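Here the structure is laid out as structure tokens; the discussion comes afterwards.
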Amino acid sequence: MPKDAGKKPSRIQQRNRRVILDAALDVFSRHGYRGATFDQIATQAGLSKPNILYYFAGKEEIHVTLLSQLMKNWLDPLVELNADGDPVEEILGYVRRKLAMAQEFPRESRLFAGEILQGAPRIRPELESNLKPLFDEKCTLIQGWVDEKRLPPLDPRHLIFSIWASTQHYADFESQVGLLLGDADDAYAGAARHLDAMFRKLLQT
């Protein structure tokens, strides 16, 4: 932590923090928390280890900072699920937003996946205090649509899991998707068409 942490950071300090976090995001998304080293982050950032230690106490603090920043945006697509909208279009809109996030933030998606695969040791409090209440709220909303027969009989929890699995796959397994399909932009365009058709059929009453 910088010695002058109580003061407003200078532009150079703000820039260095961004450089460090961006470098660490790249390293963590490729190697995972356990596989990433402080040396790799320093090399990727083009800064010395003492310079990085001026801003962060170590690898874990950098990792936690990235995860905290990620969670601020990660839940937004689910937050936007609107009780006043058409159920099918609301859920399809959620699918589109999740796929767009996978395309725009593949490193962040892999960072999150890596943390979850390790048992969420550093992000569990965020999941319990933010994700779980939101998940329960939206499951209740979807169940209400089912009860009103505006959606077919389905389990809202597994519907959301299916959306996560089918959208985040394109980011978490980006190298495999690229190898099998070639052009990444075309892969996402095809994914958008396929997922829209698949979930639209699932949601028909």
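Following the order of the structure tokens, first chain is A, next is B, and so on, with residues numbered from 1 inside each chain and ligands from 1 in the order they appear.
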
Please identify every residue of range 17-89 of chain A that has at least one atom no farther than 8 Å from an atom of range 126-137 of chain A, counting only C-alpha atoms, and for each give the shortest atom pair and the distance in Å to one decimal, arranged by chain then increasing number, as a tab-separated table.
```
residue	atom	partner	partner_atom	distance
A:Ser68	CA	A:Glu126	CA	7.8
A:Met71	CA	A:Glu126	CA	7.6
A:Leu75	CA	A:Leu131	CA	7.2
A:Leu78	CA	A:Leu134	CA	7.8
A:Val79	CA	A:Leu134	CA	7.3
```

Contact check, range 73-184 of chain A to range 29-45 of chain A, at most 9 Å, counting only C-alpha atoms, closest pairs as CSV:
```
residue,atom,partner,partner_atom,distance
A:Pro106,CA,A:Ser29,CA,8.5
A:Arg107,CA,A:Ser29,CA,5.3
A:Glu108,CA,A:Ser29,CA,7.1
A:Ser109,CA,A:Ser29,CA,8.1
A:Arg110,CA,A:Ser29,CA,5.2
A:Leu111,CA,A:Ser29,CA,4.9
A:Phe112,CA,A:Ser29,CA,8.6
A:Ala113,CA,A:Ser29,CA,9.0
A:Gly114,CA,A:Gly32,CA,5.8
A:Glu115,CA,A:Tyr33,CA,7.5
A:Gln118,CA,A:Tyr33,CA,8.9
```

Please, could you write that set of residues out with N, CA and C atoms as a tab-separated table (two decimals), in the first residue's frame?
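To be explicit, this is the file written out as selection-v5.tsv:
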```tsv
chain	number	residue	atom	x	y	z
A	106	PRO	N	-13.13	-11.34	-21.82
A	106	PRO	CA	-12.77	-12.75	-21.68
A	106	PRO	C	-11.77	-13.00	-20.55
A	107	ARG	N	-10.85	-12.08	-20.33
A	107	ARG	CA	-9.88	-12.29	-19.25
A	107	ARG	C	-10.56	-12.26	-17.89
A	108	GLU	N	-11.51	-11.33	-17.73
A	108	GLU	CA	-12.23	-11.25	-16.48
A	108	GLU	C	-13.05	-12.52	-16.23
A	109	SER	N	-13.63	-13.06	-17.30
A	109	SER	CA	-14.41	-14.29	-17.17
A	109	SER	C	-13.52	-15.44	-16.70
A	110	ARG	N	-12.32	-15.54	-17.26
A	110	ARG	CA	-11.41	-16.62	-16.87
A	110	ARG	C	-10.87	-16.39	-15.45
A	111	LEU	N	-10.68	-15.13	-15.09
A	111	LEU	CA	-10.27	-14.83	-13.71
A	111	LEU	C	-11.32	-15.33	-12.72
A	112	PHE	N	-12.59	-15.02	-13.01
A	112	PHE	CA	-13.69	-15.44	-12.15
A	112	PHE	C	-13.79	-16.96	-12.11
A	113	ALA	N	-13.71	-17.60	-13.28
A	113	ALA	CA	-13.81	-19.06	-13.34
A	113	ALA	C	-12.70	-19.72	-12.54
A	114	GLY	N	-11.49	-19.19	-12.65
A	114	GLY	CA	-10.37	-19.75	-11.92
A	114	GLY	C	-10.56	-19.67	-10.42
A	115	GLU	N	-11.10	-18.55	-9.96
A	115	GLU	CA	-11.36	-18.39	-8.53
A	115	GLU	C	-12.42	-19.37	-8.06
A	118	GLN	N	-11.22	-22.93	-7.62
A	118	GLN	CA	-10.41	-23.13	-6.43
A	118	GLN	C	-11.24	-23.13	-5.15
```

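Closest approach to Leu117 in chain A among A:Ala24, A:Lys8, A:Gln14, A:Asp172 is made by A:Asp172 (distances from only C-alpha atoms).
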
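CA of Ala102 in chain A lies 12.5 Å from CA of Val177 in chain A.
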
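Taking CA of Ser162 in chain A and CA of Leu92 in chain A as the two end points, the separation is 12.4 Å.
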
Taking only C-alpha atoms into account, produce a table as JSON lines in which each residue of range 55-111 of chain A with an atom at most 9 Å from an atom of range 140-153 of chain A appears once, together with its shortest atom pair and the distance in Å to one decimal, ordered by chain and rising number.
```
{"residue": "A:Leu81", "atom": "CA", "partner": "A:Leu141", "partner_atom": "CA", "distance": 9.0}
{"residue": "A:Asn82", "atom": "CA", "partner": "A:Leu141", "partner_atom": "CA", "distance": 8.9}
{"residue": "A:Ala83", "atom": "CA", "partner": "A:Leu141", "partner_atom": "CA", "distance": 6.7}
{"residue": "A:Asp86", "atom": "CA", "partner": "A:Arg150", "partner_atom": "CA", "distance": 8.6}
{"residue": "A:Pro87", "atom": "CA", "partner": "A:Trp145", "partner_atom": "CA", "distance": 6.8}
{"residue": "A:Val88", "atom": "CA", "partner": "A:Leu151", "partner_atom": "CA", "distance": 7.4}
{"residue": "A:Ile91", "atom": "CA", "partner": "A:Ile142", "partner_atom": "CA", "distance": 9.0}
```

### Task
Calculate how many Å separate CA of Val95 in chain A from CA of Leu159 in chain A, rounding to one decimal.
10.6 Å

#### Entry: Contacts of range 191-199 of chain A at 12 Å (only C-alpha atoms; same-chain gap of 2+ positions) as a PyMOL selection string
chain A and resi 87-100+102-103+151-152+159-160+162-171+177+181+184-189+201-204

### Task
Taking the DSSP assignment computed from this structure's backbone, write out as a PyMOL selection string all residues of range 40-188 of chain A that belong to alpha helix (DSSP H).
chain A and resi 40-45+49-55+59-74+76-79+87-104+106-117+124-126+132-147+156-172+174-181+184-188
